[in-house]
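Structure file data21.txt (compact mmCIF, C-alpha atoms) follows.
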# COMPACT_ATOMS: atom_id res chain seq x y z
CA MET R 17 9.31 -23.97 -8.19
CA SER R 18 7.90 -23.91 -4.63
CA LEU R 19 8.91 -21.43 -1.96
CA VAL R 20 11.73 -19.13 -2.99
CA LEU R 21 11.70 -16.61 -0.12
CA TYR R 22 11.16 -17.04 3.61
CA ARG R 23 10.58 -13.57 5.04
CA ILE R 24 10.01 -12.07 8.49
CA ASP R 25 7.93 -8.91 8.16
CA ASP R 26 5.72 -7.51 10.89
CA ARG R 27 3.55 -5.73 8.31
CA LEU R 28 2.82 -9.15 6.81
CA ILE R 29 1.37 -8.76 3.29
CA HIS R 30 2.02 -5.24 2.01
CA GLY R 31 3.56 -3.29 -0.85
CA GLN R 32 7.17 -4.36 -0.36
CA VAL R 33 6.13 -7.99 -0.41
CA VAL R 34 3.55 -7.98 -3.19
CA VAL R 35 5.08 -5.36 -5.47
CA GLY R 36 8.76 -5.22 -4.48
CA TRP R 37 9.57 -8.90 -4.05
CA GLY R 38 6.54 -10.35 -5.79
CA GLN R 39 7.21 -8.73 -9.12
CA ARG R 40 10.97 -9.28 -8.94
CA LEU R 41 10.56 -12.98 -8.19
CA GLY R 42 7.47 -13.54 -10.31
CA ILE R 43 5.53 -15.20 -7.53
CA GLY R 44 2.25 -17.06 -7.87
CA PHE R 45 1.42 -17.58 -4.20
CA ILE R 46 2.04 -16.29 -0.70
CA VAL R 47 1.94 -18.46 2.42
CA LEU R 48 1.18 -16.39 5.51
CA VAL R 49 2.03 -18.26 8.70
CA ASP R 50 0.27 -16.42 11.48
CA ASP R 51 -2.02 -17.98 14.07
CA GLY R 52 -3.91 -14.71 14.60
CA VAL R 53 -4.74 -14.15 10.94
CA ARG R 54 -5.43 -17.87 10.49
CA ALA R 55 -8.24 -17.53 13.02
CA ASN R 56 -9.67 -14.29 11.63
CA VAL R 57 -11.68 -14.66 8.43
CA TRP R 58 -12.30 -10.93 8.10
CA GLU R 59 -8.57 -10.18 8.26
CA GLN R 60 -7.93 -12.84 5.63
CA GLU R 61 -10.42 -11.17 3.29
CA LEU R 62 -8.69 -7.86 3.86
CA TYR R 63 -5.29 -9.26 2.89
CA ARG R 64 -6.73 -11.01 -0.16
CA MET R 65 -8.16 -7.72 -1.35
CA GLY R 66 -4.69 -6.24 -1.47
CA VAL R 67 -3.16 -8.95 -3.62
CA PRO R 68 -3.54 -9.21 -7.41
CA PRO R 69 -5.96 -11.98 -8.47
CA ALA R 70 -3.12 -13.91 -10.10
CA ILE R 71 -1.48 -14.45 -6.71
CA ASP R 72 -3.01 -16.97 -4.32
CA VAL R 73 -2.76 -16.40 -0.60
CA VAL R 74 -2.63 -19.33 1.82
CA PHE R 75 -3.35 -18.62 5.48
CA THR R 76 -1.93 -21.14 7.85
CA GLY R 77 -0.92 -21.57 11.46
CA VAL R 78 2.44 -22.61 12.84
CA GLY R 79 1.14 -26.07 13.71
CA GLU R 80 -0.16 -26.69 10.19
CA ALA R 81 2.92 -25.54 8.28
CA ALA R 82 4.86 -28.80 8.45
CA GLY R 83 1.88 -30.79 7.21
CA ARG R 84 1.48 -28.59 4.15
CA ALA R 85 5.14 -28.26 3.17
CA ALA R 86 4.95 -31.03 0.55
CA GLU R 87 1.99 -29.30 -1.09
CA TRP R 88 3.91 -26.03 -1.39
CA ALA R 89 7.07 -27.78 -2.59
CA ALA R 90 5.08 -29.45 -5.38
CA ASP R 91 3.53 -26.19 -6.54
CA PRO R 92 4.87 -25.30 -10.00
CA ARG R 93 4.69 -21.59 -9.16
CA LYS R 94 7.12 -19.57 -7.05
CA GLY R 95 5.97 -18.61 -3.59
CA ILE R 96 6.89 -16.47 -0.59
CA LEU R 97 6.42 -17.68 2.98
CA LEU R 98 5.83 -14.86 5.45
CA THR R 99 5.85 -14.66 9.22
CA GLY R 100 5.27 -11.61 11.37
CA ASP R 101 7.99 -12.28 13.92
CA VAL R 102 11.24 -14.09 14.60
CA GLU R 103 9.67 -16.64 16.91
CA THR R 104 7.24 -17.87 14.25
CA MET R 105 9.99 -18.10 11.63
CA ALA R 106 12.13 -20.09 14.08
CA ALA R 107 9.21 -22.48 14.52
CA VAL R 108 8.81 -22.75 10.75
CA CYS R 109 12.51 -23.52 10.36
CA ALA R 110 12.27 -26.18 13.05
CA ALA R 111 9.34 -27.79 11.26
CA LEU R 112 10.72 -27.41 7.74
CA PRO R 113 14.38 -28.41 7.58
CA GLU R 114 14.46 -27.51 3.89
CA VAL R 115 14.53 -23.81 4.81
CA ARG R 116 18.10 -22.72 4.04
CA GLN R 117 17.68 -18.95 3.86
CA VAL R 118 15.70 -16.45 5.92
CA ASN R 119 15.10 -12.84 4.90
CA VAL R 120 14.57 -10.31 7.69
CA GLY R 121 12.39 -7.81 5.88
CA GLY R 122 10.93 -5.58 8.55
CA ILE R 123 10.78 -5.70 12.33
CA HIS R 124 9.90 -2.32 13.73
CA ALA R 125 10.54 -0.49 16.99
CA ARG R 126 8.85 -1.72 20.12
CA GLU R 127 9.69 -1.55 23.81
CA GLY R 128 12.69 -3.73 24.58
CA ARG R 129 14.01 -3.67 21.02
CA THR R 130 17.08 -1.79 19.85
CA GLU R 131 17.79 -0.54 16.33
CA ARG R 132 20.01 -2.77 14.23
CA LEU R 133 19.07 -1.29 10.87
CA ARG R 134 16.60 1.38 9.80
CA TYR R 135 13.99 -1.33 9.36
CA VAL R 136 15.18 -3.92 11.87
CA PHE R 137 14.75 -3.57 15.63
CA LEU R 138 15.40 -6.61 17.82
CA THR R 139 15.26 -7.66 21.44
CA GLU R 140 18.26 -9.59 22.68
CA ALA R 141 16.13 -12.74 22.64
CA GLU R 142 15.16 -12.17 19.00
CA ALA R 143 18.79 -11.53 18.06
CA ALA R 144 19.78 -14.75 19.82
CA ARG R 145 17.11 -16.70 17.92
CA LEU R 146 18.39 -15.39 14.60
CA LYS R 147 21.95 -16.28 15.60
CA ALA R 148 20.80 -19.77 16.56
CA LEU R 149 19.25 -20.19 13.11
CA ALA R 150 22.50 -19.07 11.49
CA ASP R 151 24.49 -21.43 13.72
CA ARG R 152 22.33 -24.27 12.39
CA GLY R 153 23.33 -23.41 8.84
CA VAL R 154 20.45 -21.18 7.79
CA GLU R 155 21.65 -18.12 5.88
CA VAL R 156 20.00 -15.18 7.66
CA THR R 157 20.19 -11.77 6.01
CA ALA R 158 18.28 -8.51 6.37
CA GLN R 159 17.01 -6.93 3.17
CA ASP R 160 13.84 -4.87 2.93
CA VAL R 161 13.64 -4.61 -0.87
CA PRO R 162 15.33 -6.62 -3.65
CA THR R 163 17.61 -3.77 -4.69
CA ALA R 164 19.04 -3.30 -1.18
CA ARG R 165 22.24 -4.95 0.07
CA PRO R 166 21.61 -8.21 1.92
CA VAL R 167 22.98 -7.54 5.41
CA PRO R 168 24.45 -10.64 7.07
CA VAL R 169 23.03 -11.56 10.45
CA ALA R 170 26.40 -10.92 12.11
CA GLU R 171 25.88 -7.22 11.46
CA LEU R 172 22.57 -7.31 13.34
CA LEU R 173 23.93 -8.81 16.55
CA MET N 6 -24.75 21.91 12.81
CA SER N 7 -22.87 18.61 12.76
CA GLU N 8 -19.13 18.41 13.23
CA ARG N 9 -17.06 19.12 10.13
CA LEU N 10 -15.14 16.16 8.80
CA THR N 11 -11.52 15.42 9.48
CA GLY N 12 -9.37 14.02 6.70
CA VAL N 13 -6.43 11.82 7.61
CA VAL N 14 -3.84 11.07 4.96
CA VAL N 15 -1.81 7.98 5.82
CA ALA N 16 0.98 7.05 3.46
CA HIS N 17 4.52 5.81 2.99
CA SER N 18 7.54 7.90 3.90
CA GLU N 19 6.88 11.68 3.73
CA LEU N 20 4.15 11.54 1.12
CA ALA N 21 1.27 12.50 3.44
CA ALA N 22 3.03 15.57 4.86
CA SER N 23 4.07 16.67 1.38
CA LEU N 24 0.54 16.31 0.05
CA LEU N 25 -0.80 18.38 2.95
CA ALA N 26 1.73 21.11 2.24
CA ALA N 27 0.59 21.15 -1.37
CA VAL N 28 -3.09 21.29 -0.36
CA SER N 29 -2.40 24.24 1.95
CA ALA N 30 -0.59 26.05 -0.84
CA ILE N 31 -3.75 25.80 -2.92
CA ALA N 32 -6.59 25.89 -0.41
CA GLY N 33 -5.14 27.71 2.58
CA ASP N 34 -4.53 26.40 6.07
CA ASP N 35 -8.02 25.39 7.17
CA THR N 36 -8.05 22.05 5.35
CA GLY N 37 -9.07 19.73 8.17
CA LEU N 38 -6.34 17.36 7.06
CA VAL N 39 -3.84 15.50 9.22
CA ALA N 40 -0.81 13.54 8.00
CA VAL N 41 0.35 10.14 9.25
CA SER N 42 3.45 8.31 8.00
CA ASN N 43 3.99 4.56 8.28
CA THR N 44 7.75 5.01 8.58
CA GLY N 45 9.12 2.94 11.43
CA CYS N 46 5.71 1.50 12.31
CA ASP N 47 4.58 -2.06 12.64
CA ARG N 48 0.86 -2.73 12.30
CA ALA N 49 0.07 -1.97 15.94
CA ALA N 50 2.01 1.29 15.98
CA LEU N 51 0.43 2.47 12.75
CA LEU N 52 -3.03 1.60 14.05
CA ALA N 53 -2.37 3.60 17.22
CA GLY N 54 -1.06 6.58 15.25
CA LEU N 55 -4.01 6.55 12.89
CA ASP N 56 -6.50 6.21 15.74
CA ALA N 57 -4.92 9.19 17.50
CA ALA N 58 -5.05 11.27 14.32
CA ILE N 59 -8.76 10.55 13.87
CA GLY N 60 -9.35 11.34 17.52
CA GLY N 61 -12.85 9.88 17.64
CA ARG N 62 -14.14 12.37 15.07
CA PRO N 63 -15.99 11.54 11.87
CA ALA N 64 -13.30 11.16 9.25
CA VAL N 65 -12.31 10.18 5.76
CA VAL N 66 -8.99 8.32 5.73
CA PHE N 67 -7.01 8.68 2.52
CA THR N 68 -4.36 6.02 1.85
CA ASP N 69 -1.73 5.95 -0.84
CA MET N 70 -1.87 2.43 -2.21
CA ALA N 71 -4.59 -0.20 -2.18
CA GLY N 72 -2.99 -3.33 -0.80
CA GLY N 73 -0.39 -1.50 1.25
CA SER N 74 0.08 -1.47 5.00
CA CYS N 75 -1.60 1.93 5.27
CA ALA N 76 -4.73 0.72 3.51
CA PHE N 77 -4.88 -2.49 5.54
CA THR N 78 -4.53 -0.58 8.77
CA ALA N 79 -7.12 2.02 7.82
CA ALA N 80 -9.59 -0.68 6.79
CA ALA N 81 -9.05 -2.49 10.08
CA LEU N 82 -9.66 0.70 12.03
CA ALA N 83 -12.75 1.67 10.05
CA ARG N 84 -14.34 -1.73 10.46
CA GLY N 85 -17.59 -1.36 12.36
CA ARG N 86 -17.27 2.43 12.53
CA GLY N 87 -19.96 4.17 10.55
CA ASP N 88 -18.28 7.54 10.91
CA VAL N 89 -14.99 6.57 9.24
CA ARG N 90 -14.54 5.82 5.53
CA VAL N 91 -11.37 4.80 3.69
CA VAL N 92 -10.36 6.00 0.23
CA THR N 93 -7.33 4.47 -1.49
CA GLY N 94 -5.13 6.01 -4.18
CA VAL N 95 -4.99 9.49 -2.69
CA ASN N 96 -4.13 12.37 -5.00
CA LEU N 97 -3.89 16.13 -4.71
CA ALA N 98 -7.12 16.86 -6.56
CA MET N 99 -9.27 14.82 -4.21
CA LEU N 100 -7.67 16.38 -1.13
CA VAL N 101 -8.16 19.94 -2.34
CA ASP N 102 -11.78 19.18 -3.14
CA PHE N 103 -12.25 17.49 0.25
CA ALA N 104 -10.98 20.61 2.03
CA PHE N 105 -13.92 22.54 0.59
CA HIS N 106 -16.56 19.87 1.25
CA ARG N 107 -16.07 18.92 4.89
CA ASP N 108 -19.69 19.62 5.75
CA LEU N 109 -20.93 16.62 3.78
CA PRO N 110 -21.96 13.38 5.48
CA VAL N 111 -18.90 11.15 5.73
CA ALA N 112 -20.08 8.54 3.20
CA GLU N 113 -20.94 11.22 0.68
CA ALA N 114 -17.61 12.98 1.18
CA ALA N 115 -15.73 9.73 0.64
CA GLN N 116 -17.65 8.94 -2.54
CA ARG N 117 -17.06 12.46 -3.80
CA ALA N 118 -13.34 12.10 -3.14
CA VAL N 119 -13.19 8.89 -5.14
CA GLU N 120 -14.95 10.48 -8.10
CA THR N 121 -12.86 13.65 -7.95
CA GLY N 122 -9.66 11.67 -7.74
CA ARG N 123 -10.60 9.50 -10.70
CA THR N 124 -11.54 12.51 -12.80
CA ALA N 125 -8.15 14.06 -12.09
CA VAL N 126 -6.27 11.16 -13.66
CA GLY N 127 -5.97 11.38 -17.41
CA LEU N 128 -3.76 11.28 -20.45
CA VAL N 129 -2.62 14.61 -21.82
CA GLY N 130 -2.25 14.96 -25.56
CA LYS N 131 -2.11 11.99 -27.93
Show the structure stored in the file as structure tokens.
Amino acid sequence: MSLVLYRIDDRLIHGQVVVGWGQRLGIGFIVLVDDGVRANVWEQELYRMGVPPAIDVVFTGVGEAAGRAAEWAADPRKGILLTGDVETMAAVCAALPEVRQVNVGGIHAREGRTERLRYVFLTEAEAARLKALADRGVEVTAQDVPTARPVPVAELL
Amino acid sequence: MSERLTGVVVAHSELAASLLAAVSAIAGDDTGLVAVSNTGCDRAALLAGLDAAIGGRPAVVFTDMAGGSCAFTAAALARGRGDVRVVTGVNLAMLVDFAFHRDLPVAEAAQRAVETGRTAVGLVGK
């Protein structure tokens, strides 16, 4: 089945991902693309502890993602690919042209960002990156949990 | 006499504040408990809020869900700190009991909270 959800979420692996989306989609693995976590074995152990044993977690860096895409595509299970920010997801999309949809799941308040939705705050640069993805044909929507309305990127700009 | 323990409840939405209100209704106001919500927080903001709530004191951090952002953040903060312990799956019974046992060493208080919380979960009737 391979990857069925490409999500930007600055909390990375947490309840909404594992329970909310994971149970709804019936996932078997999570790919976390984050250079910081990739380099931190202790943090990896922490995230593994929070995921049911039946779900594998793959920690990878931006530079490695393209080289492992075939492996994930061949996986018979469903998977979620996660990044912690827009920039990393844009890099993933550049490396993996098969990405056709991006889910903005949670980007929280920080200096320089303005509120677009209750759970989405963006700088102008981040908004422009999302628009650029959409202009290239990627369907970008914001949706924190599966039961929420998918909000088109145009409503975030 | 050593410093009495602080308890920090960190949870989704308004759960922590509501639990503290319930504890106060049962145990009075001197509970030593502080509430932190993860609403609107990324990992860095939640870490900063939790760190401020602990305030450098010996503390037991109670989180709502193992595997959630609150638990991850608490575990990251407690790493390497012998005076902070993290308990997941917070419930009212363990918080009320904690309020009356804040003179215990932090590790003992955390273990007691786990056991009290487990005991409080059960099936009523058939």
For chain N, list the residues within 12 Å of chain R, counting all atoms listed in the file, and write the list as a JSON list (two decimals) with C-alpha atoms, in the coordinates of the input.
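Output contents, as saved in result_23.json:
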[["chain", "number", "residue", "atom", "x", "y", "z"],
["N", 16, "ALA", "CA", 0.98, 7.05, 3.46],
["N", 17, "HIS", "CA", 4.52, 5.81, 2.99],
["N", 43, "ASN", "CA", 3.99, 4.56, 8.28],
["N", 44, "THR", "CA", 7.75, 5.01, 8.58],
["N", 45, "GLY", "CA", 9.12, 2.94, 11.43],
["N", 46, "CYS", "CA", 5.71, 1.50, 12.31],
["N", 47, "ASP", "CA", 4.58, -2.06, 12.64],
["N", 48, "ARG", "CA", 0.86, -2.73, 12.30],
["N", 49, "ALA", "CA", 0.07, -1.97, 15.94],
["N", 50, "ALA", "CA", 2.01, 1.29, 15.98],
["N", 51, "LEU", "CA", 0.43, 2.47, 12.75],
["N", 52, "LEU", "CA", -3.03, 1.60, 14.05],
["N", 69, "ASP", "CA", -1.73, 5.95, -0.84],
["N", 70, "MET", "CA", -1.87, 2.43, -2.21],
["N", 71, "ALA", "CA", -4.59, -0.20, -2.18],
["N", 72, "GLY", "CA", -2.99, -3.33, -0.80],
["N", 73, "GLY", "CA", -0.39, -1.50, 1.25],
["N", 74, "SER", "CA", 0.08, -1.47, 5.00],
["N", 75, "CYS", "CA", -1.60, 1.93, 5.27],
["N", 76, "ALA", "CA", -4.73, 0.72, 3.51],
["N", 77, "PHE", "CA", -4.88, -2.49, 5.54],
["N", 78, "THR", "CA", -4.53, -0.58, 8.77],
["N", 79, "ALA", "CA", -7.12, 2.02, 7.82],
["N", 80, "ALA", "CA", -9.59, -0.68, 6.79],
["N", 81, "ALA", "CA", -9.05, -2.49, 10.08],
["N", 82, "LEU", "CA", -9.66, 0.70, 12.03],
["N", 84, "ARG", "CA", -14.34, -1.73, 10.46],
["N", 85, "GLY", "CA", -17.59, -1.36, 12.36],
["N", 93, "THR", "CA", -7.33, 4.47, -1.49]]
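Going from CA of Thr121 in chain N to CA of Phe105 in chain N covers 12.4 Å.
The residue that comes closest to Ala58 in chain N, out of N:Val14, N:Ala22, N:Ala98, N:Val119 and on the basis of all atoms listed in the file, is N:Val14.
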**Among the residues R:Asp50, R:Ala141, R:Lys147, R:Ala55, the one that comes closest to Val108 in chain R [using only C-alpha atoms]** = R:Asp50
**Request:** Mind giving me the straight-line distance from CA of Leu98 in chain R to CA of Phe45 in chain R in Å, one decimal?
**Result:** 11.0 Å
**Message:** Rounded to one decimal, what separation in Å do you get between CA of Ala21 in chain N and CA of Leu128 in chain N?
**Reply:**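 Calculated distance between CA of Ala21 in chain N and CA of Leu128 in chain N is 24.4 Å.
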**Prompt:** Pick the closest to Ala114 in chain N from N:Val65, N:Gly87, N:Ala27, N:Val95: which is it, counting all atoms listed in the file?
**Reply:**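 With all atoms listed in the file as the atom set, the closest residue is N:Val65.
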Please, what is the axis-aligned box for every listed atom of range 12-24 of chain N with 6 Å on each side, as centre and edge lengths in Å to one decimal, as AutoDock Vina command-line options?
--center_x -0.9 --center_y 11.2 --center_z 3.8 --size_x 28.9 --size_y 22.9 --size_z 19.6
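Considering the residues R:Ala158, R:Leu48, R:Ile24, R:Val169 and counting all atoms listed in the file, Glu103 in chain R has its shortest atom-to-atom contact with R:Ile24.
Closest to Asp91 in chain R among R:Pro113, R:Glu140, R:Asp72, R:Glu131 is R:Asp72, based on all atoms listed in the file.
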**Asked** Which of these, R:Leu138, R:Ala89, R:Val73, R:Val156, has the shortest distance to Ala106 in chain R once you count all atoms listed in the file?
**Response**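 Among the listed residues, the smallest separation from Ala106 in chain R belongs to R:Val156.
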Just write range 20-109 of chain N with C-alpha atoms, as a PDB file, in the first residue's frame, taken from the block above.
ATOM      1  CA  LEU N  20      -8.006  18.558  31.073  1.00  0.00           C
ATOM      2  CA  ALA N  21      -5.202  19.573  33.461  1.00  0.00           C
ATOM      3  CA  ALA N  22      -7.033  22.635  34.801  1.00  0.00           C
ATOM      4  CA  SER N  23     -10.231  20.642  35.210  1.00  0.00           C
ATOM      5  CA  LEU N  24      -8.443  17.878  37.095  1.00  0.00           C
ATOM      6  CA  LEU N  25      -6.872  20.446  39.425  1.00  0.00           C
ATOM      7  CA  ALA N  26     -10.266  21.974  40.121  1.00  0.00           C
ATOM      8  CA  ALA N  27     -11.575  18.534  40.998  1.00  0.00           C
ATOM      9  CA  VAL N  28      -8.591  17.817  43.268  1.00  0.00           C
ATOM     10  CA  SER N  29      -9.137  21.103  45.114  1.00  0.00           C
ATOM     11  CA  ALA N  30     -12.792  20.265  45.599  1.00  0.00           C
ATOM     12  CA  ILE N  31     -11.734  17.095  47.386  1.00  0.00           C
ATOM     13  CA  ALA N  32      -8.434  17.958  49.050  1.00  0.00           C
ATOM     14  CA  GLY N  33      -8.571  21.717  49.497  1.00  0.00           C
ATOM     15  CA  ASP N  34      -6.377  24.367  47.938  1.00  0.00           C
ATOM     16  CA  ASP N  35      -2.922  23.372  49.166  1.00  0.00           C
ATOM     17  CA  THR N  36      -2.361  20.637  46.596  1.00  0.00           C
ATOM     18  CA  GLY N  37       1.025  21.648  45.227  1.00  0.00           C
ATOM     19  CA  LEU N  38      -0.323  21.043  41.747  1.00  0.00           C
ATOM     20  CA  VAL N  39       0.108  23.210  38.670  1.00  0.00           C
ATOM     21  CA  ALA N  40      -1.705  22.797  35.339  1.00  0.00           C
ATOM     22  CA  VAL N  41      -0.170  23.070  31.869  1.00  0.00           C
ATOM     23  CA  SER N  42      -2.096  22.708  28.603  1.00  0.00           C
ATOM     24  CA  ASN N  43      -0.533  21.780  25.273  1.00  0.00           C
ATOM     25  CA  THR N  44      -3.101  23.825  23.364  1.00  0.00           C
ATOM     26  CA  GLY N  45      -1.422  25.990  20.762  1.00  0.00           C
ATOM     27  CA  CYS N  46       2.048  24.702  21.620  1.00  0.00           C
ATOM     28  CA  ASP N  47       4.681  23.161  19.430  1.00  0.00           C
ATOM     29  CA  ARG N  48       7.313  21.021  21.140  1.00  0.00           C
ATOM     30  CA  ALA N  49       9.554  23.951  22.057  1.00  0.00           C
ATOM     31  CA  ALA N  50       6.731  26.033  23.503  1.00  0.00           C
ATOM     32  CA  LEU N  51       5.397  23.128  25.532  1.00  0.00           C
ATOM     33  CA  LEU N  52       8.872  22.376  26.854  1.00  0.00           C
ATOM     34  CA  ALA N  53       9.291  26.006  27.922  1.00  0.00           C
ATOM     35  CA  GLY N  54       5.883  26.063  29.603  1.00  0.00           C
ATOM     36  CA  LEU N  55       6.537  22.836  31.448  1.00  0.00           C
ATOM     37  CA  ASP N  56       9.993  23.965  32.544  1.00  0.00           C
ATOM     38  CA  ALA N  57       8.522  27.203  33.902  1.00  0.00           C
ATOM     39  CA  ALA N  58       5.819  25.300  35.789  1.00  0.00           C
ATOM     40  CA  ILE N  59       8.402  23.056  37.453  1.00  0.00           C
ATOM     41  CA  GLY N  60      10.502  26.086  38.273  1.00  0.00           C
ATOM     42  CA  GLY N  61      13.615  24.135  39.199  1.00  0.00           C
ATOM     43  CA  ARG N  62      11.846  22.386  42.077  1.00  0.00           C
ATOM     44  CA  PRO N  63      11.661  18.639  42.660  1.00  0.00           C
ATOM     45  CA  ALA N  64       8.538  17.524  40.858  1.00  0.00           C
ATOM     46  CA  VAL N  65       6.353  14.723  39.637  1.00  0.00           C
ATOM     47  CA  VAL N  66       4.974  15.447  36.168  1.00  0.00           C
ATOM     48  CA  PHE N  67       1.644  13.807  35.410  1.00  0.00           C
ATOM     49  CA  THR N  68       0.743  13.421  31.725  1.00  0.00           C
ATOM     50  CA  ASP N  69      -2.524  12.328  30.213  1.00  0.00           C
ATOM     51  CA  MET N  70      -1.548   9.835  27.538  1.00  0.00           C
ATOM     52  CA  ALA N  71       1.543   7.704  27.070  1.00  0.00           C
ATOM     53  CA  GLY N  72       2.726   8.370  23.550  1.00  0.00           C
ATOM     54  CA  GLY N  73       1.282  11.864  23.359  1.00  0.00           C
ATOM     55  CA  SER N  74       3.082  15.160  22.935  1.00  0.00           C
ATOM     56  CA  CYS N  75       2.757  15.907  26.652  1.00  0.00           C
ATOM     57  CA  ALA N  76       4.440  12.657  27.635  1.00  0.00           C
ATOM     58  CA  PHE N  77       7.214  13.066  25.065  1.00  0.00           C
ATOM     59  CA  THR N  78       7.912  16.584  26.241  1.00  0.00           C
ATOM     60  CA  ALA N  79       7.883  15.637  29.911  1.00  0.00           C
ATOM     61  CA  ALA N  80      10.232  12.722  29.284  1.00  0.00           C
ATOM     62  CA  ALA N  81      12.602  14.990  27.364  1.00  0.00           C
ATOM     63  CA  LEU N  82      12.612  17.506  30.198  1.00  0.00           C
ATOM     64  CA  ALA N  83      13.107  14.898  32.909  1.00  0.00           C
ATOM     65  CA  ARG N  84      16.017  13.288  31.121  1.00  0.00           C
ATOM     66  CA  GLY N  85      19.108  13.570  33.281  1.00  0.00           C
ATOM     67  CA  ARG N  86      17.202  15.259  36.108  1.00  0.00           C
ATOM     68  CA  GLY N  87      17.066  13.108  39.209  1.00  0.00           C
ATOM     69  CA  ASP N  88      14.549  15.380  40.878  1.00  0.00           C
ATOM     70  CA  VAL N  89      11.836  15.073  38.207  1.00  0.00           C
ATOM     71  CA  ARG N  90       9.774  11.946  37.498  1.00  0.00           C
ATOM     72  CA  VAL N  91       7.086  11.437  34.866  1.00  0.00           C
ATOM     73  CA  VAL N  92       3.865   9.479  35.371  1.00  0.00           C
ATOM     74  CA  THR N  93       1.569   8.813  32.410  1.00  0.00           C
ATOM     75  CA  GLY N  94      -2.164   8.130  32.442  1.00  0.00           C
ATOM     76  CA  VAL N  95      -3.061  10.700  35.077  1.00  0.00           C
ATOM     77  CA  ASN N  96      -6.310  10.243  36.965  1.00  0.00           C
ATOM     78  CA  LEU N  97      -8.089  11.987  39.820  1.00  0.00           C
ATOM     79  CA  ALA N  98      -7.316   9.335  42.416  1.00  0.00           C
ATOM     80  CA  MET N  99      -3.561   9.575  41.967  1.00  0.00           C
ATOM     81  CA  LEU N 100      -3.624  13.380  42.123  1.00  0.00           C
ATOM     82  CA  VAL N 101      -5.666  13.487  45.319  1.00  0.00           C
ATOM     83  CA  ASP N 102      -3.324  10.980  46.912  1.00  0.00           C
ATOM     84  CA  PHE N 103      -0.281  12.929  45.696  1.00  0.00           C
ATOM     85  CA  ALA N 104      -1.602  16.098  47.342  1.00  0.00           C
ATOM     86  CA  PHE N 105      -1.353  14.358  50.718  1.00  0.00           C
ATOM     87  CA  HIS N 106       2.060  12.769  50.133  1.00  0.00           C
ATOM     88  CA  ARG N 107       4.248  15.612  48.918  1.00  0.00           C
ATOM     89  CA  ASP N 108       6.849  15.008  51.604  1.00  0.00           C
ATOM     90  CA  LEU N 109       7.976  11.740  50.043  1.00  0.00           C
TER      91      LEU N 109
END
